[in-house]
Amino acid sequence: MAVLNKIRQRSLFLILIIALALFSFVLTDLFKNSDALFGGAQDVVATVNGTNIDRIDFNNRVEQMSRQLGPNSTSTQAMNRVYDQEVRRAIMLSQFEELGLSVEQDQMKDLLKQSFSGYPEFQNEDGVFDENKLSEFVSNLKALGGQSAPIAGFQMNYDQWITTEENIATSALERAYYNMIKAGVNATLGEAEVDYMLENATRDLSFVQIPYTSIADSLVNVTKGDINAYIKAHKDQYEVEASRDIAFVEFKEVASVEDEENIKTELTELLNDKPEFNETTKITDTIIGFKNVANVESFVNSNSDLNYNDAFVSKSELPKPAADTLYSMNVGSVFGPYKDNGYFKLSKVIAEKQRPDTAKVRHILIPHLGATRVAADVTKTEAEAKKTADSILNLINRGTKFTDLLELSSDKVSNEKEGVIEFTYSQSYAPEFKAFSFDNNEGDIEVVKTSFGYHIIEILEHKNTSRVIKVATIARKIEPSEKTVDATFTEASKFELALQNEDYQAAAESRNYEIKPVNGIKVLDENIPGLGSQRAIVRWAFEDGTKSGDYKRFSIPTGGYAVVQLVKKTKKGLMDAESASATVLSEIRKEKKAQMIREKITGTTIEDVAKNQGVATNRASAVNMKSPTLSGAGSEPKVVGVAFGLEEGEVSKPIDGNKGVYLVQVTKINEVTSLDNYQALANRLSIARSNAAQSKVYNALKETADIEDNRANFY
């Protein structure tokens, strides 16, 4: 009681202490994340040359990009695409501002006309672009207050329109900017002459090569200090981004043998009729099995993971594991269960017929508004197109020649061949067009509707007729059972728990688990080789609190788990000696071997050195500077460069080449006759430079830009 009384007496003091502790905790977190306190980079995805890319606007653009890229793309892919666009935009806008480039109002009107003149919404009755219609559309968009309106088959709101205008203006400024650049990179006549001489002036050489391989690697001592010194001397080659090395053990949720047997048993039970007691009628009913069922399509769709396919197929189109068996079966026969492409299947042949492999037809196409790839001058509605097609068919049936009516067809390609098309069943044609061409008889003619419009099709000839069959297949995906899924979770959890007391590698090896290493993961990477899209693992590996040796369990999108260990953290900057040794060792050895070879070279002539070193004397003819290659030695630009500085008969000093140490002697100088005019060559060089200018200029601008990338904080 005495203790409680003391606590009550000092309650105000305790409350004050607790409040101060909490306040201190909050302040510590705020100063630790100063952006949260002062409104800094938490709302900025990146800063480019002092221009901030706002997070909210960036996110909106990422959402738009995700919709454009479709369901097969990831949010990270969409984010990277938008980031590249925004960085480019910021870099180029800074250039436009510095040069005073801008798009004036009249120019913008012309640009909008060029971009939207083909849109029916902005054309008058004569199909001519009407600026007033465009202005009216934009005004209506603005009045909608964020709601979308249709344009050319898609929806657009006012903010998206503003973005579109900005993109059009930016593209125009980029064209002007790069045109100025291209105008300044034209080759001079002097440059053309130099290029001509580099390619056509040649030397005949005699040389000796003492290869680096003549000295064993074991005789060359390379220290860690040598490696560090080399890295510092070649900083531009060994600058690296921050990266992480991880290792993981994967626990896949894969169907067990027992699971597969259960799936096969379930399929087998569908084959035959079976009695089933009806709780409602209290009568035992007979459930018709796959062998005897009348409505095959309904039975398949009720019991299969894949929908019923009503098509006739050739032998080559049947599942490979069962093709021979199925094709040889009679109608009504059943085969299976058999394994195919991740499924167990039961297949029943339900029909057969003869079908040609190739059809020759001729057609007249009448398109309509809204049809696929319809031309801009098409004005017929669907009903009008159907009426026209029926009229053409009536004319043909009354005796008018098919070829006399081809001028009515919009298919100008086939019109040049009297409307004739010959194609195989495996080729991609409109389904309705293909079905009529192959499923009817020679001489049949009919109006057929496809996504392209209405066709009047006449079947001229069928070739290579053979048996095709219709197969009903019940498929069950081979998946792990709940029991197997639970067992996989338990196994992964046990391994994770074991790591509390055991070394990661030792624990995996003692349980016969395969450890899979992944090195050099970057902060914005998304995919982990072997695991697929795993942004969560990358984020965890780069978190400040994650230390080398830490581990964590992650779910795998395809099913299962990965227990991941962070093996190594590499900071941004120069590569460490251990990481660089793979590439540095060979270069340092080459340098040291070159020195060792030079020290033991004696003799003043090529022949003396060759004899002294026990190597052959080699010859190379017509060597030029533009393609500095020596016969039998490969590319050796340094050696060839030295040779072009020698007089005829002169012998070089030892040269450290790519594959060895060389001595070279010029045996003949082959000068080239000058051209009377180098303009044609200058023009070719100018075109080549102009074509490469755009990408090279932007890459140079990006390389020198001041870019602060904060994407990893948000994605």
# chains A, B, ... in the order shown; residues from 1 in each chain; ligands from 1

call {"tool": "residues_around", "arguments": {"residues": "A:Gly118", "least_positions_apart": "5", "cutoff": "8 Å", "atoms": "only C-alpha atoms", "output": "PDB file with C-alpha atoms, in the first residue's frame"}}
result
ATOM      1  CA  GLN A 123     -14.037  17.039 -89.665  1.00  0.00           C
ATOM      2  CA  PHE A 129     -10.460  19.384 -90.586  1.00  0.00           C
ATOM      3  CA  ALA A 376     -11.110   6.912 -93.827  1.00  0.00           C
TER       4      ALA A 376
END

call {"tool": "residues_around", "arguments": {"residues": "A:Ala682", "least_positions_apart": "5", "cutoff": "8 Å", "atoms": "only C-alpha atoms", "output": "VMD selection string"}}
result
chain A and resid 186 to 189 191 to 192

call {"tool": "closest_atom_pairs", "arguments": {"of": "stretch 300-399 of chain A", "to": "stretch 450-457 of chain A", "cutoff": "8 Å", "atoms": "only C-alpha atoms", "output": "Markdown table"}}
result
| residue | atom | partner | partner_atom | distance |
| --- | --- | --- | --- | --- |
| A:Val361 | CA | A:Ile457 | CA | 6.7 |
| A:Arg362 | CA | A:Ile457 | CA | 5.8 |
| A:His363 | CA | A:Ile457 | CA | 4.4 |
| A:Ile364 | CA | A:Ile456 | CA | 5.2 |
| A:Leu365 | CA | A:His455 | CA | 4.6 |
| A:Ile366 | CA | A:Tyr454 | CA | 5.2 |
| A:Pro367 | CA | A:Gly453 | CA | 4.2 |
| A:His368 | CA | A:Gly453 | CA | 6.0 |
| A:Ala371 | CA | A:Phe452 | CA | 5.0 |
| A:Thr372 | CA | A:Phe452 | CA | 4.9 |
| A:Arg373 | CA | A:Phe452 | CA | 7.1 |
| A:Val374 | CA | A:Phe452 | CA | 7.3 |
| A:Glu382 | CA | A:Gly453 | CA | 7.7 |
| A:Ala385 | CA | A:Tyr454 | CA | 6.7 |
| A:Lys386 | CA | A:Tyr454 | CA | 6.3 |
| A:Ala389 | CA | A:Tyr454 | CA | 6.4 |
| A:Ile392 | CA | A:Ile456 | CA | 7.7 |
| A:Leu393 | CA | A:Ile456 | CA | 6.6 |

call {"tool": "atom_distance", "arguments": {"atom1": "atom CA of A:Asn519", "atom2": "atom CA of A:Asp706"}}
result
28.2 Å

call {"tool": "select_by_dssp", "arguments": {"residues": "stretch 303-358 of chain A", "states": "strand (DSSP E or B)", "output": "JSON, numbers by chain"}}
result
{"A": [312, 313, 334, 335, 336, 337, 338, 339, 340, 343, 344, 345, 346, 347, 348, 349, 350, 351, 352, 353, 354, 355, 358]}

call {"tool": "write_last_selection", "arguments": {"atoms": "C-alpha atoms", "output": "PDB file, in the first residue's frame"}}
result
ATOM      1  CA  PHE A 312     -12.663 -30.062 -85.916  1.00  0.00           C
ATOM      2  CA  VAL A 313      -8.899 -30.570 -85.700  1.00  0.00           C
ATOM      3  CA  VAL A 334     -12.522 -42.338 -74.903  1.00  0.00           C
ATOM      4  CA  PHE A 335      -8.837 -42.042 -74.004  1.00  0.00           C
ATOM      5  CA  GLY A 336      -7.240 -41.060 -70.712  1.00  0.00           C
ATOM      6  CA  PRO A 337      -6.458 -39.842 -68.204  1.00  0.00           C
ATOM      7  CA  TYR A 338      -3.213 -38.627 -69.783  1.00  0.00           C
ATOM      8  CA  LYS A 339      -0.871 -35.784 -68.861  1.00  0.00           C
ATOM      9  CA  ASP A 340      -0.544 -32.781 -71.177  1.00  0.00           C
ATOM     10  CA  TYR A 343      -3.227 -30.948 -66.998  1.00  0.00           C
ATOM     11  CA  PHE A 344      -4.611 -34.447 -66.724  1.00  0.00           C
ATOM     12  CA  LYS A 345      -7.118 -34.989 -69.521  1.00  0.00           C
ATOM     13  CA  LEU A 346      -9.908 -37.304 -70.644  1.00  0.00           C
ATOM     14  CA  SER A 347     -10.643 -37.061 -74.362  1.00  0.00           C
ATOM     15  CA  LYS A 348     -13.579 -38.439 -76.358  1.00  0.00           C
ATOM     16  CA  VAL A 349     -13.875 -38.458 -80.155  1.00  0.00           C
ATOM     17  CA  ILE A 350     -17.420 -37.209 -80.845  1.00  0.00           C
ATOM     18  CA  ALA A 351     -17.398 -36.568 -84.618  1.00  0.00           C
ATOM     19  CA  GLU A 352     -15.315 -36.893 -87.772  1.00  0.00           C
ATOM     20  CA  LYS A 353     -15.355 -35.541 -91.317  1.00  0.00           C
ATOM     21  CA  GLN A 354     -13.154 -34.811 -94.310  1.00  0.00           C
ATOM     22  CA  ARG A 355     -11.642 -31.316 -94.546  1.00  0.00           C
ATOM     23  CA  THR A 358      -5.993 -25.562 -98.544  1.00  0.00           C
TER      24      THR A 358
END

call {"tool": "residues_around", "arguments": {"residues": "stretch 222-227 of chain A", "least_positions_apart": "3", "cutoff": "8 Å", "atoms": "only C-alpha atoms", "output": "PDB file with N, CA and C atoms, in the first residue's frame"}}
result
ATOM      1  N   TYR A 230      44.839  -0.511 -59.392  1.00  0.00           N
ATOM      2  CA  TYR A 230      44.284  -0.567 -60.755  1.00  0.00           C
ATOM      3  C   TYR A 230      42.884   0.048 -60.779  1.00  0.00           C
ATOM      4  N   ILE A 231      42.074  -0.285 -59.767  1.00  0.00           N
ATOM      5  CA  ILE A 231      40.707   0.248 -59.703  1.00  0.00           C
ATOM      6  C   ILE A 231      40.739   1.775 -59.634  1.00  0.00           C
ATOM      7  N   ALA A 577      37.879  -4.704 -54.042  1.00  0.00           N
ATOM      8  CA  ALA A 577      38.870  -5.564 -54.695  1.00  0.00           C
ATOM      9  C   ALA A 577      38.320  -6.956 -54.961  1.00  0.00           C
ATOM     10  N   ALA A 580      35.929  -6.856 -57.907  1.00  0.00           N
ATOM     11  CA  ALA A 580      36.563  -6.471 -59.172  1.00  0.00           C
ATOM     12  C   ALA A 580      37.588  -7.480 -59.655  1.00  0.00           C
ATOM     13  N   SER A 581      38.000  -8.386 -58.766  1.00  0.00           N
ATOM     14  CA  SER A 581      39.125  -9.265 -59.095  1.00  0.00           C
ATOM     15  C   SER A 581      38.883 -10.105 -60.347  1.00  0.00           C
ATOM     16  N   VAL A 584      39.709  -7.587 -63.116  1.00  0.00           N
ATOM     17  CA  VAL A 584      40.964  -6.861 -62.930  1.00  0.00           C
ATOM     18  C   VAL A 584      42.183  -7.774 -63.011  1.00  0.00           C
ATOM     19  N   LEU A 585      42.067  -8.991 -62.468  1.00  0.00           N
ATOM     20  CA  LEU A 585      43.221  -9.894 -62.409  1.00  0.00           C
ATOM     21  C   LEU A 585      43.872 -10.091 -63.767  1.00  0.00           C
ATOM     22  N   ILE A 588      45.760  -6.909 -64.894  1.00  0.00           N
ATOM     23  CA  ILE A 588      47.006  -6.686 -64.144  1.00  0.00           C
ATOM     24  C   ILE A 588      48.057  -7.714 -64.555  1.00  0.00           C
ATOM     25  N   ARG A 589      47.623  -8.961 -64.718  1.00  0.00           N
ATOM     26  CA  ARG A 589      48.571 -10.003 -65.157  1.00  0.00           C
ATOM     27  C   ARG A 589      49.161  -9.642 -66.519  1.00  0.00           C
TER      28      ARG A 589
END

call {"tool": "residues_around", "arguments": {"residues": "stretch 74-80 of chain A", "least_positions_apart": "6", "cutoff": "8 Å", "atoms": "only C-alpha atoms", "output": "PyMOL selection string"}}
result
chain A and resi 62-63+65-66+526+715

call {"tool": "write_last_selection", "arguments": {"atoms": "N, CA and C atoms", "output": "PDB file, in the first residue's frame"}}
result
ATOM      1  N   VAL A  62       1.551   7.104 -63.977  1.00  0.00           N
ATOM      2  CA  VAL A  62       1.837   5.668 -63.900  1.00  0.00           C
ATOM      3  C   VAL A  62       0.564   4.862 -64.076  1.00  0.00           C
ATOM      4  N   GLU A  63      -0.538   5.325 -63.468  1.00  0.00           N
ATOM      5  CA  GLU A  63      -1.824   4.633 -63.627  1.00  0.00           C
ATOM      6  C   GLU A  63      -2.260   4.638 -65.085  1.00  0.00           C
ATOM      7  N   MET A  65      -0.290   4.890 -67.681  1.00  0.00           N
ATOM      8  CA  MET A  65       0.626   4.031 -68.425  1.00  0.00           C
ATOM      9  C   MET A  65       0.280   2.561 -68.204  1.00  0.00           C
ATOM     10  N   SER A  66      -0.097   2.203 -66.984  1.00  0.00           N
ATOM     11  CA  SER A  66      -0.465   0.812 -66.689  1.00  0.00           C
ATOM     12  C   SER A  66      -1.643   0.384 -67.543  1.00  0.00           C
ATOM     13  N   GLU A 526      13.154  -5.446 -60.151  1.00  0.00           N
ATOM     14  CA  GLU A 526      11.857  -6.040 -59.820  1.00  0.00           C
ATOM     15  C   GLU A 526      11.918  -7.559 -59.823  1.00  0.00           C
ATOM     16  N   TYR A 715       8.408   2.941 -54.479  1.00  0.00           N
ATOM     17  CA  TYR A 715       8.006   1.760 -55.258  1.00  0.00           C
ATOM     18  C   TYR A 715       8.832   0.547 -54.837  1.00  0.00           C
TER      19      TYR A 715
END

call {"tool": "residues_around", "arguments": {"residues": "stretch 429-435 of chain A", "least_positions_apart": "3", "cutoff": "7 Å", "atoms": "only C-alpha atoms", "output": "number ranges by chain"}}
result
A: 438-439, 448-450

call {"tool": "residues_around", "arguments": {"residues": "stretch 278-292 of chain A", "least_positions_apart": "4", "cutoff": "8 Å", "atoms": "only C-alpha atoms", "output": "ChimeraX atom specification"}}
result
/A:270-274,296,299,332-334,348

call {"tool": "write_last_selection", "arguments": {"atoms": "C-alpha atoms", "output": "short mmCIF file (atom, residue, chain, number, x, y, z; two decimals), in the first residue's frame"}}
result
data_model
loop_
_atom_site.label_atom_id
_atom_site.label_comp_id
_atom_site.auth_asym_id
_atom_site.auth_seq_id
_atom_site.Cartn_x
_atom_site.Cartn_y
_atom_site.Cartn_z
CA LEU A 270 -16.45 -39.33 -64.54
CA LEU A 271 -16.26 -41.98 -67.25
CA ASN A 272 -19.09 -44.32 -66.30
CA ASP A 273 -22.68 -43.90 -65.14
CA LYS A 274 -23.05 -44.00 -61.37
CA VAL A 296 -21.17 -33.39 -74.28
CA PHE A 299 -20.84 -32.07 -69.39
CA GLY A 332 -17.46 -42.50 -79.31
CA SER A 333 -14.13 -43.84 -78.01
CA VAL A 334 -12.52 -42.34 -74.90
CA LYS A 348 -13.58 -38.44 -76.36
#

call {"tool": "select_by_dssp", "arguments": {"residues": "stretch 535-676 of chain A", "states": "alpha helix (DSSP H)", "output": "ChimeraX atom specification"}}
result
/A:535-542,577-600,606-613,637-643

call {"tool": "closest_residue", "arguments": {"among": "A:Thr164, A:Ser139, A:Glu418, A:Lys182", "to": "A:Leu406", "atoms": "only C-alpha atoms"}}
result
A:Glu418

call {"tool": "atom_distance", "arguments": {"atom1": "atom CA of A:Val447", "atom2": "atom CA of A:Asp357"}}
result
22.4 Å

call {"tool": "closest_atom_pairs", "arguments": {"of": "stretch 103-222 of chain A", "to": "stretch 631-638 of chain A", "cutoff": "12 Å", "atoms": "only C-alpha atoms", "output": "tab-separated table"}}
result
residue	atom	partner	partner_atom	distance
A:Asp204	CA	A:Ser631	CA	11.1
A:Leu205	CA	A:Ser631	CA	10.1
A:Ser206	CA	A:Ser631	CA	10.7
A:Phe207	CA	A:Ala633	CA	10.3
A:Val208	CA	A:Ala633	CA	10.2
A:Gln209	CA	A:Ala633	CA	8.2
A:Ile210	CA	A:Ala633	CA	10.9
A:Pro211	CA	A:Ala633	CA	9.7

call {"tool": "write_last_selection", "arguments": {"atoms": "N, CA and C atoms", "output": "mmCIF file, in the first residue's frame"}}
result
data_model
loop_
_atom_site.group_PDB
_atom_site.id
_atom_site.type_symbol
_atom_site.label_atom_id
_atom_site.label_comp_id
_atom_site.auth_asym_id
_atom_site.auth_seq_id
_atom_site.Cartn_x
_atom_site.Cartn_y
_atom_site.Cartn_z
ATOM 1 N N ASP A 204 52.208 -2.851 -95.424
ATOM 2 C CA ASP A 204 52.581 -4.263 -95.336
ATOM 3 C C ASP A 204 53.564 -4.382 -94.181
ATOM 4 N N LEU A 205 53.325 -5.357 -93.313
ATOM 5 C CA LEU A 205 54.099 -5.444 -92.079
ATOM 6 C C LEU A 205 54.742 -6.802 -91.903
ATOM 7 N N SER A 206 55.847 -6.774 -91.180
ATOM 8 C CA SER A 206 56.452 -7.981 -90.646
ATOM 9 C C SER A 206 56.444 -7.780 -89.130
ATOM 10 N N PHE A 207 55.962 -8.779 -88.398
ATOM 11 C CA PHE A 207 55.887 -8.563 -86.953
ATOM 12 C C PHE A 207 56.131 -9.868 -86.212
ATOM 13 N N VAL A 208 56.499 -9.694 -84.956
ATOM 14 C CA VAL A 208 56.671 -10.830 -84.071
ATOM 15 C C VAL A 208 55.792 -10.593 -82.841
ATOM 16 N N GLN A 209 55.116 -11.646 -82.417
ATOM 17 C CA GLN A 209 54.242 -11.567 -81.242
ATOM 18 C C GLN A 209 54.743 -12.535 -80.175
ATOM 19 N N ILE A 210 55.039 -12.013 -78.975
ATOM 20 C CA ILE A 210 55.341 -12.889 -77.839
ATOM 21 C C ILE A 210 54.083 -12.901 -76.980
ATOM 22 N N PRO A 211 53.284 -13.950 -77.059
ATOM 23 C CA PRO A 211 51.965 -13.952 -76.399
ATOM 24 C C PRO A 211 52.078 -13.941 -74.876
#

call {"tool": "closest_residue", "arguments": {"among": "A:Phe714, A:Lys252, A:Asp576, A:Glu193", "to": "A:Ala680", "atoms": "only C-alpha atoms"}}
result
A:Glu193

call {"tool": "atom_distance", "arguments": {"atom1": "atom CA of A:Leu630", "atom2": "atom CA of A:Ile215"}}
result
22.0 Å

call {"tool": "closest_atom_pairs", "arguments": {"of": "stretch 87-124 of chain A", "to": "stretch 175-178 of chain A", "cutoff": "10 Å", "atoms": "only C-alpha atoms", "output": "JSON lines"}}
result
{"residue": "A:Met92", "atom": "CA", "partner": "A:Tyr177", "partner_atom": "CA", "distance": 8.9}
{"residue": "A:Gln95", "atom": "CA", "partner": "A:Tyr177", "partner_atom": "CA", "distance": 8.6}
{"residue": "A:Phe96", "atom": "CA", "partner": "A:Tyr177", "partner_atom": "CA", "distance": 7.6}
{"residue": "A:Leu99", "atom": "CA", "partner": "A:Tyr177", "partner_atom": "CA", "distance": 9.1}
{"residue": "A:Leu101", "atom": "CA", "partner": "A:Tyr177", "partner_atom": "CA", "distance": 8.2}
{"residue": "A:Ser102", "atom": "CA", "partner": "A:Ala176", "partner_atom": "CA", "distance": 9.8}

call {"tool": "write_last_selection", "arguments": {"atoms": "N, CA and C atoms", "output": "PDB file, in the first residue's frame"}}
result
ATOM      1  N   MET A  92      15.041  17.962 -71.514  1.00  0.00           N
ATOM      2  CA  MET A  92      14.851  18.699 -72.762  1.00  0.00           C
ATOM      3  C   MET A  92      14.250  20.083 -72.511  1.00  0.00           C
ATOM      4  N   GLN A  95      16.838  22.504 -71.723  1.00  0.00           N
ATOM      5  CA  GLN A  95      17.551  22.911 -72.941  1.00  0.00           C
ATOM      6  C   GLN A  95      16.743  23.936 -73.736  1.00  0.00           C
ATOM      7  N   PHE A  96      15.431  23.693 -73.855  1.00  0.00           N
ATOM      8  CA  PHE A  96      14.572  24.623 -74.608  1.00  0.00           C
ATOM      9  C   PHE A  96      14.582  26.004 -73.940  1.00  0.00           C
ATOM     10  N   LEU A  99      17.802  27.873 -74.539  1.00  0.00           N
ATOM     11  CA  LEU A  99      17.935  28.363 -75.916  1.00  0.00           C
ATOM     12  C   LEU A  99      16.817  29.321 -76.313  1.00  0.00           C
ATOM     13  N   LEU A 101      13.659  28.402 -76.873  1.00  0.00           N
ATOM     14  CA  LEU A 101      12.731  27.757 -77.798  1.00  0.00           C
ATOM     15  C   LEU A 101      11.347  27.657 -77.164  1.00  0.00           C
ATOM     16  N   SER A 102      10.327  27.947 -77.936  1.00  0.00           N
ATOM     17  CA  SER A 102       8.951  27.834 -77.440  1.00  0.00           C
ATOM     18  C   SER A 102       8.012  27.602 -78.615  1.00  0.00           C
TER      19      SER A 102
END
